[in-house]
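Colleague: Below is the file protein25.cif, which contains mmCIF, C-alpha atoms and all ligand atoms.
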```cif
data_model
#
loop_
_atom_site.label_atom_id
_atom_site.label_comp_id
_atom_site.auth_asym_id
_atom_site.auth_seq_id
_atom_site.Cartn_x
_atom_site.Cartn_y
_atom_site.Cartn_z
CA MET A 730 0.37 4.05 10.86
CA LEU A 731 -1.12 7.50 10.39
CA SER A 732 1.09 9.02 7.73
CA ILE A 733 -0.43 12.21 6.41
CA GLY A 734 -0.01 12.89 2.73
CA ALA A 735 -2.17 13.08 -0.38
CA SER A 736 -2.29 12.08 -4.00
CA GLY A 737 -2.80 14.85 -6.58
CA SER A 738 -6.52 14.31 -7.16
CA THR A 739 -7.33 13.82 -3.47
CA GLU A 740 -5.49 17.05 -2.80
CA ARG A 741 -7.49 18.93 -5.46
CA HIS A 742 -10.76 17.67 -3.96
CA ARG A 743 -9.56 18.62 -0.52
CA GLN A 744 -8.69 22.16 -1.59
CA LYS A 745 -12.14 22.54 -3.19
CA LEU A 746 -13.81 21.35 0.00
CA LEU A 747 -11.81 23.66 2.19
CA ARG A 748 -13.24 26.63 0.33
CA GLY A 749 -16.73 25.60 1.51
CA ARG A 750 -18.19 25.44 4.97
CA MET A 751 -16.67 22.58 6.92
CA PRO A 752 -18.45 20.81 9.76
CA VAL A 753 -16.80 21.21 13.14
CA HIS A 754 -17.90 17.76 14.28
CA VAL A 755 -18.48 14.72 12.07
CA GLY A 756 -20.09 11.56 13.46
CA ILE A 757 -19.86 8.21 11.69
CA ILE A 758 -22.02 5.11 12.00
CA MET A 759 -19.64 2.51 10.61
CA ASP A 760 -22.00 -0.08 9.13
CA GLY A 761 -21.49 -2.87 6.62
CA ASN A 762 -18.48 -4.76 7.96
CA GLY A 763 -20.38 -8.05 8.04
CA ARG A 764 -21.67 -7.70 4.47
CA TRP A 765 -18.22 -6.72 3.25
CA ALA A 766 -16.80 -9.94 4.68
CA GLN A 767 -19.74 -12.01 3.45
CA GLU A 768 -19.28 -10.73 -0.13
CA ARG A 769 -15.76 -12.12 0.02
CA GLY A 770 -16.76 -15.41 1.66
CA ARG A 771 -14.80 -14.43 4.75
CA PRO A 772 -15.80 -14.48 8.45
CA ARG A 773 -17.51 -11.31 9.71
CA VAL A 774 -14.56 -10.63 11.98
CA GLU A 775 -12.43 -9.88 8.93
CA GLY A 776 -14.89 -7.18 7.99
CA HIS A 777 -14.40 -5.62 11.41
CA ARG A 778 -10.63 -5.84 11.04
CA SER A 779 -10.77 -4.06 7.67
CA GLY A 780 -13.21 -1.61 9.25
CA SER A 781 -10.64 -0.79 11.87
CA ARG A 782 -8.13 0.00 9.09
CA ALA A 783 -10.70 2.22 7.36
CA LEU A 784 -11.19 4.10 10.62
CA ARG A 785 -7.47 4.85 10.83
CA GLU A 786 -7.57 6.31 7.31
CA ILE A 787 -10.58 8.47 8.06
CA ILE A 788 -9.01 9.81 11.26
CA LYS A 789 -6.01 10.76 9.15
CA GLU A 790 -8.20 12.49 6.58
CA CYS A 791 -10.12 14.41 9.23
CA ILE A 792 -6.86 15.75 10.63
CA SER A 793 -5.77 16.74 7.17
CA LEU A 794 -9.06 18.56 6.52
CA GLY A 795 -8.83 20.43 9.79
CA ILE A 796 -12.02 18.87 11.22
CA ASP A 797 -11.97 19.44 14.97
CA TYR A 798 -14.15 16.57 16.19
CA LEU A 799 -14.85 13.07 14.94
CA SER A 800 -17.07 10.52 16.63
CA ALA A 801 -17.35 6.90 15.54
CA PHE A 802 -19.79 4.22 16.65
CA ALA A 803 -17.66 1.14 17.29
CA PHE A 804 -19.86 -0.95 19.60
CA SER A 805 -23.41 -0.30 20.74
CA THR A 806 -25.19 -1.34 23.92
CA GLU A 807 -27.23 -3.64 21.64
CA ASN A 808 -24.18 -5.33 20.07
CA TRP A 809 -23.77 -7.67 23.07
CA THR A 810 -26.49 -9.85 21.52
CA ARG A 811 -24.18 -10.79 18.62
CA PRO A 812 -22.55 -14.23 18.63
CA ARG A 813 -20.03 -14.52 21.44
CA GLY A 814 -17.10 -15.04 19.08
CA GLU A 815 -17.89 -11.81 17.22
CA VAL A 816 -18.20 -9.82 20.44
CA GLU A 817 -14.88 -11.21 21.68
CA ALA A 818 -13.22 -10.41 18.37
CA LEU A 819 -14.54 -6.83 18.49
CA MET A 820 -13.26 -6.40 22.04
CA ALA A 821 -9.88 -7.77 20.96
CA LEU A 822 -9.83 -5.33 18.02
CA MET A 823 -10.46 -2.43 20.41
CA VAL A 824 -7.47 -3.57 22.46
CA GLU A 825 -5.35 -3.87 19.34
CA PHE A 826 -6.44 -0.45 18.11
CA ALA A 827 -5.90 1.22 21.48
CA ALA A 828 -2.51 -0.34 22.12
CA GLY A 829 -1.26 -0.26 18.54
CA GLU A 830 -2.31 3.26 17.59
CA ALA A 831 -1.75 5.20 20.81
CA ALA A 832 1.70 6.54 19.95
CA ASP A 833 0.75 7.51 16.41
CA LEU A 834 -2.52 9.12 17.44
CA ALA A 835 -0.73 11.14 20.11
CA ALA A 836 1.99 12.14 17.65
CA HIS A 837 -0.67 13.51 15.32
CA GLY A 838 -2.42 15.46 18.06
CA VAL A 839 -5.48 13.22 18.31
CA LYS A 840 -7.17 13.25 21.68
CA VAL A 841 -9.25 10.09 22.14
CA ILE A 842 -12.26 10.23 24.44
CA PRO A 843 -14.03 6.89 24.84
CA ILE A 844 -17.78 7.40 25.30
CA GLY A 845 -20.25 4.81 26.58
CA GLU A 846 -20.37 2.45 29.53
CA VAL A 847 -16.65 1.80 29.42
CA SER A 848 -16.66 0.61 33.03
CA SER A 849 -18.71 -2.48 32.05
CA LEU A 850 -16.35 -3.60 29.28
CA PRO A 851 -14.07 -6.62 29.69
CA LEU A 852 -11.12 -5.61 31.87
CA ARG A 853 -8.45 -5.64 29.15
CA THR A 854 -10.55 -3.54 26.76
CA ARG A 855 -11.41 -1.08 29.49
CA GLU A 856 -7.79 -0.76 30.61
CA GLU A 857 -6.48 -0.20 27.08
CA LEU A 858 -9.14 2.38 26.28
CA GLU A 859 -8.42 4.22 29.51
CA ARG A 860 -4.71 4.10 28.75
CA LEU A 861 -5.34 5.40 25.23
CA SER A 862 -7.43 8.23 26.59
CA GLU A 863 -4.77 9.16 29.14
CA PHE A 864 -1.93 8.86 26.63
CA THR A 865 -3.62 11.15 24.10
CA ARG A 866 -5.11 13.63 26.55
CA ASP A 867 -3.02 16.59 25.32
CA GLY A 868 -3.97 16.15 21.66
CA ASP A 869 -5.14 19.41 20.15
CA SER A 870 -5.65 18.74 16.45
CA LEU A 871 -8.61 16.33 16.52
CA THR A 872 -10.85 15.20 19.36
CA PHE A 873 -12.01 11.68 18.63
CA PHE A 874 -15.01 10.26 20.49
CA LEU A 875 -14.82 6.49 20.29
CA ALA A 876 -18.27 5.14 21.14
CA VAL A 877 -17.89 1.72 22.76
CA ASN A 878 -20.72 0.08 24.68
CA TYR A 879 -22.53 3.28 23.80
CA GLY A 880 -26.27 3.85 23.48
CA GLY A 881 -27.95 7.23 23.10
CA ARG A 882 -30.91 6.23 25.25
CA SER A 883 -28.71 4.86 27.99
CA GLU A 884 -26.67 8.10 27.91
CA ILE A 885 -29.91 10.05 28.45
CA HIS A 886 -31.04 7.70 31.26
CA ARG A 887 -27.65 8.11 32.89
CA ALA A 888 -27.95 11.92 32.78
CA ALA A 889 -31.50 11.75 34.17
CA ARG A 890 -30.36 9.43 36.98
CA GLU A 891 -27.51 11.73 37.92
CA LEU A 892 -29.78 14.80 37.93
CA ALA A 893 -32.40 12.95 40.03
CA ARG A 894 -29.66 12.03 42.49
CA ARG A 895 -28.52 15.66 42.69
CA ALA A 896 -32.12 16.83 43.11
CA VAL A 897 -32.66 14.42 46.03
CA GLN A 898 -29.45 15.76 47.59
CA GLY A 899 -30.79 19.31 47.16
CA LYS A 900 -27.90 20.21 44.82
CA VAL A 901 -30.16 21.09 41.91
CA SER A 902 -33.77 22.19 41.81
CA PRO A 903 -36.08 20.69 39.11
CA GLU A 904 -36.69 24.21 37.69
CA ASP A 905 -32.97 24.55 36.97
CA ILE A 906 -32.92 21.50 34.73
CA ASP A 907 -32.72 23.14 31.32
CA GLU A 908 -30.73 22.29 28.21
CA GLU A 909 -27.44 23.60 29.54
CA CYS A 910 -27.82 21.74 32.80
CA PHE A 911 -28.84 18.50 31.08
CA ARG A 912 -26.02 18.65 28.54
CA ALA A 913 -23.49 18.91 31.33
CA HIS A 914 -24.29 15.25 32.11
CA LEU A 915 -23.72 13.89 28.62
CA TYR A 916 -20.51 12.09 27.66
CA THR A 917 -19.62 14.67 25.03
CA HIS A 918 -19.84 17.68 27.34
CA PRO A 919 -18.55 20.40 26.89
CA HIS A 920 -17.84 19.73 23.23
CA PRO A 921 -20.03 20.72 20.26
CA ASP A 922 -22.78 18.55 18.79
CA PRO A 923 -22.18 16.76 15.49
CA ASP A 924 -22.95 18.91 12.45
CA LEU A 925 -22.92 15.94 10.12
CA ILE A 926 -23.63 12.26 10.69
CA ILE A 927 -22.55 9.83 8.00
CA ARG A 928 -23.90 6.30 7.91
CA THR A 929 -22.30 3.72 5.66
CA GLY A 930 -23.89 0.46 4.52
CA GLY A 931 -26.97 2.02 2.95
CA GLU A 932 -29.31 2.30 5.94
CA TRP A 933 -31.07 5.51 7.00
CA ARG A 934 -31.20 5.14 10.77
CA LEU A 935 -29.49 6.68 13.77
CA SER A 936 -29.58 3.34 15.61
CA ASN A 937 -29.23 4.94 19.03
CA PHE A 938 -26.15 7.02 18.11
CA LEU A 939 -25.77 10.42 19.82
CA LEU A 940 -29.56 10.78 20.05
CA TYR A 941 -29.57 13.99 22.06
CA GLN A 942 -26.60 15.58 20.30
CA ALA A 943 -27.81 14.73 16.78
CA SER A 944 -30.96 16.86 17.00
CA TYR A 945 -29.84 19.23 14.26
CA ALA A 946 -27.15 17.19 12.57
CA GLU A 947 -27.33 16.79 8.81
CA PHE A 948 -27.58 13.11 7.90
CA VAL A 949 -25.84 11.52 4.93
CA SER A 950 -26.25 7.84 4.10
CA THR A 951 -24.00 6.09 1.61
CA PRO A 952 -24.29 2.54 0.25
CA VAL A 953 -20.52 2.12 0.57
CA LEU A 954 -19.71 -0.58 3.11
CA TRP A 955 -17.55 0.72 5.94
CA PRO A 956 -14.33 -1.18 5.13
CA ASP A 957 -14.42 0.39 1.64
CA PHE A 958 -15.13 3.92 2.88
CA SER A 959 -12.28 6.10 1.64
CA ALA A 960 -11.09 9.70 1.86
CA GLY A 961 -12.93 10.29 -1.43
CA ASP A 962 -16.19 9.01 0.10
CA LEU A 963 -15.68 11.34 3.03
CA HIS A 964 -15.16 14.24 0.61
CA ARG A 965 -18.42 13.34 -1.17
CA ALA A 966 -20.34 13.34 2.11
CA LEU A 967 -18.79 16.67 3.05
CA ARG A 968 -19.77 18.16 -0.28
CA ILE A 969 -23.38 17.07 0.29
CA TYR A 970 -23.20 18.71 3.70
CA GLN A 971 -21.80 21.90 2.23
CA ASN A 972 -24.76 22.10 -0.15
CA ARG A 973 -27.37 21.72 2.56
CA GLU A 974 -29.09 24.70 4.11
CA ARG A 975 -29.12 24.33 7.88
CA ARG A 976 -32.16 25.86 9.51
CA PHE A 977 -32.19 24.93 13.22
CA GLY A 978 -35.99 25.28 13.21
CA GLN A 979 -35.90 28.79 11.79
CA VAL A 980 -37.74 30.12 8.75
CA LYS A 981 -35.86 29.66 5.51
CA LYS A 982 -34.00 32.85 4.56
CA ARG A 983 -35.17 32.84 0.94
CA ASP A 984 -38.80 31.95 1.79
CA SER A 985 -40.31 33.74 4.77
CA HIS A 986 -44.03 32.91 4.35
CA GLY A 987 -44.31 30.68 7.39
CA GLY A 988 -44.42 26.97 8.00
CA THR A 989 -42.84 24.81 10.66
CA ASP A 990 -40.16 23.19 8.57
CA ALA A 991 -37.10 22.17 10.58
C1 LIG B 1001 -21.48 -2.60 12.01
O1 LIG B 1001 -21.31 -3.46 10.91
C2 LIG B 1001 -20.21 -2.43 12.67
C3 LIG B 1001 -19.97 -2.76 13.96
C4 LIG B 1001 -20.97 -3.32 14.86
C5 LIG B 1001 -18.63 -2.61 14.54
C6 LIG B 1001 -17.83 -1.43 14.07
C7 LIG B 1001 -16.42 -1.75 14.35
C8 LIG B 1001 -15.37 -1.41 13.59
C9 LIG B 1001 -15.44 -0.54 12.44
C10 LIG B 1001 -14.01 -1.94 13.86
C11 LIG B 1001 -13.56 -1.90 15.23
C12 LIG B 1001 -13.29 -0.53 15.70
C13 LIG B 1001 -12.21 -0.21 16.38
C14 LIG B 1001 -12.08 1.13 16.95
C15 LIG B 1001 -11.12 -1.14 16.59
P1 LIG B 1001 -22.14 -4.82 10.85
O2 LIG B 1001 -21.28 -5.89 11.42
O3 LIG B 1001 -23.45 -4.66 11.50
O4 LIG B 1001 -22.30 -4.98 9.31
P2 LIG B 1001 -23.51 -5.63 8.52
O5 LIG B 1001 -24.68 -4.68 8.65
O6 LIG B 1001 -23.02 -5.69 7.12
O7 LIG B 1001 -23.77 -6.97 9.13
#
```
If you convert what's in this file into structure tokens, what do you get?
Ligand code: FPP

Modeller:
Amino acid sequence: MLSIGASGSTERHRQKLLRGRMPVHVGIIMDGNGRWAQERGRPRVEGHRSGSRALREIIKECISLGIDYLSAFAFSTENWTRPRGEVEALMALMVEFAAGEAADLAAHGVKVIPIGEVSSLPLRTREELERLSEFTRDGDSLTFFLAVNYGGRSEIHRAARELARRAVQGKVSPEDIDEECFRAHLYTHPHPDPDLIIRTGGEWRLSNFLLYQASYAEFVSTPVLWPDFSAGDLHRALRIYQNRERRFGQVKKRDSHGGTDA
């Protein structure tokens, strides 16, 4: 259930954050479910189940903070190589999430957009994700990209394939393929790129997440394992973001003596 409310100290932190610059779009690489379960001597699947609960809490917190876009990496194109039982459990969790949360997400104005090769997912998972997307389509408080069977490289290949097809059909000329044209073939079009990408579980990698869109995202890694990631951890990551100077390839404002720093 997504009940929105806050304890006193969370509320104080939230108010402090709101006075700073908030990202429009936050992306999350939810890592560490397996280790979380292992530390407790439990099967990995339980880590994923707790991870799914953590996701619900973070969606709630993003709404409360007024963040417009959230994207979360739930299953990558590489995750199919995991043991069959784990893959099946993850697919079942997606179904449970989609079916169990649809009404609540819609009630809170969350619009869910599944991104990735959804058409190649097991039928039940695909159907529930499509139903969730349809059911929440009018949400206007938070747009939530749920990356399932998603890979950044495969998204780029898909865009290139589509543009090549259109070029062969004479619908686009190669000279017209610029950033705007290319972006129009990405899953996240026409929405903004992530400003901040948070990775839990202590690693410092993008792991094929939103490769094109993350070009200028600020990256924050935390050792916290995803099932333990709380509203407070989100606030900490946002504070780090608020203290960063974003440059977009331009010369630093305070220091204009050259250099190619990004
Ligand atoms: C990475 O942790 C996490 C995943 C591959 C799956 C993420 C899935 C969820 C958070 C739950 C399901 C989501 C929904 C929307 C129902 P890992 O297993 O690689 O962890 P490890 O690095 O500790 O082994």

Colleague: My list of candidates is A:Ser848, A:Ser800, A:Thr865, A:Gln744. Which is closest to ligand LIG 1001 (chain B) when distances are computed with all atoms listed in the file?

Modeller: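 Ranking A:Ser848, A:Ser800, A:Thr865, A:Gln744 by distance to ligand LIG 1001 (chain B), first place goes to A:Ser800.
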
Colleague: Please return the centre and edge lengths, in Å to one decimal, of a box with edges along x, y and z that contains all listed atoms of ligand LIG 1001 (chain B), widened by 4 Å on every side, as lines of an AutoDock Vina configuration file.

Modeller:
```
center_x = -17.9
center_y = -2.9
center_z = 12.0
size_x = 21.6
size_y = 16.1
size_z = 17.8
```

Colleague: Do you know which residues are at most 12 Å from Gln767 (chain A) counting all atoms listed in the file, after dropping those on the same chain fewer than 5 positions away, and could you put them as number ranges by chain?

Modeller: A: 761-762, 772-777, 954

Colleague: Please extract the residues at most 10 Å from ligand LIG 1001 (chain B), counting only C-alpha atoms and all ligand atoms, and provide them as a PyMOL selection string, using the chain letters and residue numbers of this document.

Modeller: chain A and resi 757-768+773-785+801-805+807-809+811+815-816+818-827+830+843+858+875-877+929-932+954-956

Colleague: Rank A:Leu871, A:Leu834, A:Val847, A:Ile788 by their smallest atom-to-atom distance to His920 (chain A), using only C-alpha atoms, and report the top residue only.

Modeller: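 Selected residue with least distance to His920 (chain A): A:Leu871.
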
Colleague: Can you work out the spacing between CA of Glu908 (chain A) and CA of Ser936 (chain A) in Å, to one decimal?

Modeller: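 Computed distance, CA of Glu908 (chain A) to CA of Ser936 (chain A), equals 22.8 Å.
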
Colleague: How many Å separate CA of Ile926 (chain A) from CA of Thr872 (chain A)?

Modeller: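 Taking CA of Ile926 (chain A) as the start and CA of Thr872 (chain A) as the end point, the length is 15.7 Å.
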
Colleague: With all atoms listed in the file as the atoms that count, which of A:Thr806, A:Ser862, A:Gln898, A:Ser870 lies nearest to Arg882 (chain A)?

Modeller: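 Closest residue, counting all atoms listed in the file: A:Thr806.
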
Colleague: Between CA of Arg912 (chain A) and CA of Ala831 (chain A), what is the spacing in Å?

Modeller: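 Here the two named atoms are 28.8 Å from each other.
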
Colleague: Pick from A:Thr739, A:Ser950, A:Asn878, A:Gln979: nearest to Ile844 (chain A), with only C-alpha atoms counted?

Modeller: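 Ranking A:Thr739, A:Ser950, A:Asn878, A:Gln979 by distance to Ile844 (chain A), first place goes to A:Asn878.
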
Colleague: Restricting the calculation to only C-alpha atoms: of A:Leu861, A:Val949, A:Leu852, A:Leu915, which residue gets closest to Asp962 (chain A)?

Modeller: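 Closest candidate: A:Val949.
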
Colleague: Given only C-alpha atoms as the basis, pick out the residue of A:Ile842, A:Arg748, A:Cys791, A:Gly880 nearest to Thr917 (chain A).

Modeller: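 Closest to Thr917 (chain A) of all the choices is A:Ile842.
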
Colleague: Show me the residues close to (-19.1, 16.2, 10.8) - anything with an atom within 7 Å, counting all atoms listed in the file - and format the list as a ChimeraX atom specification.

Modeller: /A:752-756,799,923-926

Colleague: Write a file of the just-selected residues containing C-alpha atoms, as a tab-separated table (two decimals), keeping the file's coordinate frame.

Modeller:
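Heads up, here's the output in again15.tsv:
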```
chain	number	residue	atom	x	y	z
A	752	PRO	CA	-18.45	20.81	9.76
A	753	VAL	CA	-16.80	21.21	13.14
A	754	HIS	CA	-17.90	17.76	14.28
A	755	VAL	CA	-18.48	14.72	12.07
A	756	GLY	CA	-20.09	11.56	13.46
A	799	LEU	CA	-14.85	13.07	14.94
A	923	PRO	CA	-22.18	16.76	15.49
A	924	ASP	CA	-22.95	18.91	12.45
A	925	LEU	CA	-22.92	15.94	10.12
A	926	ILE	CA	-23.63	12.26	10.69
```
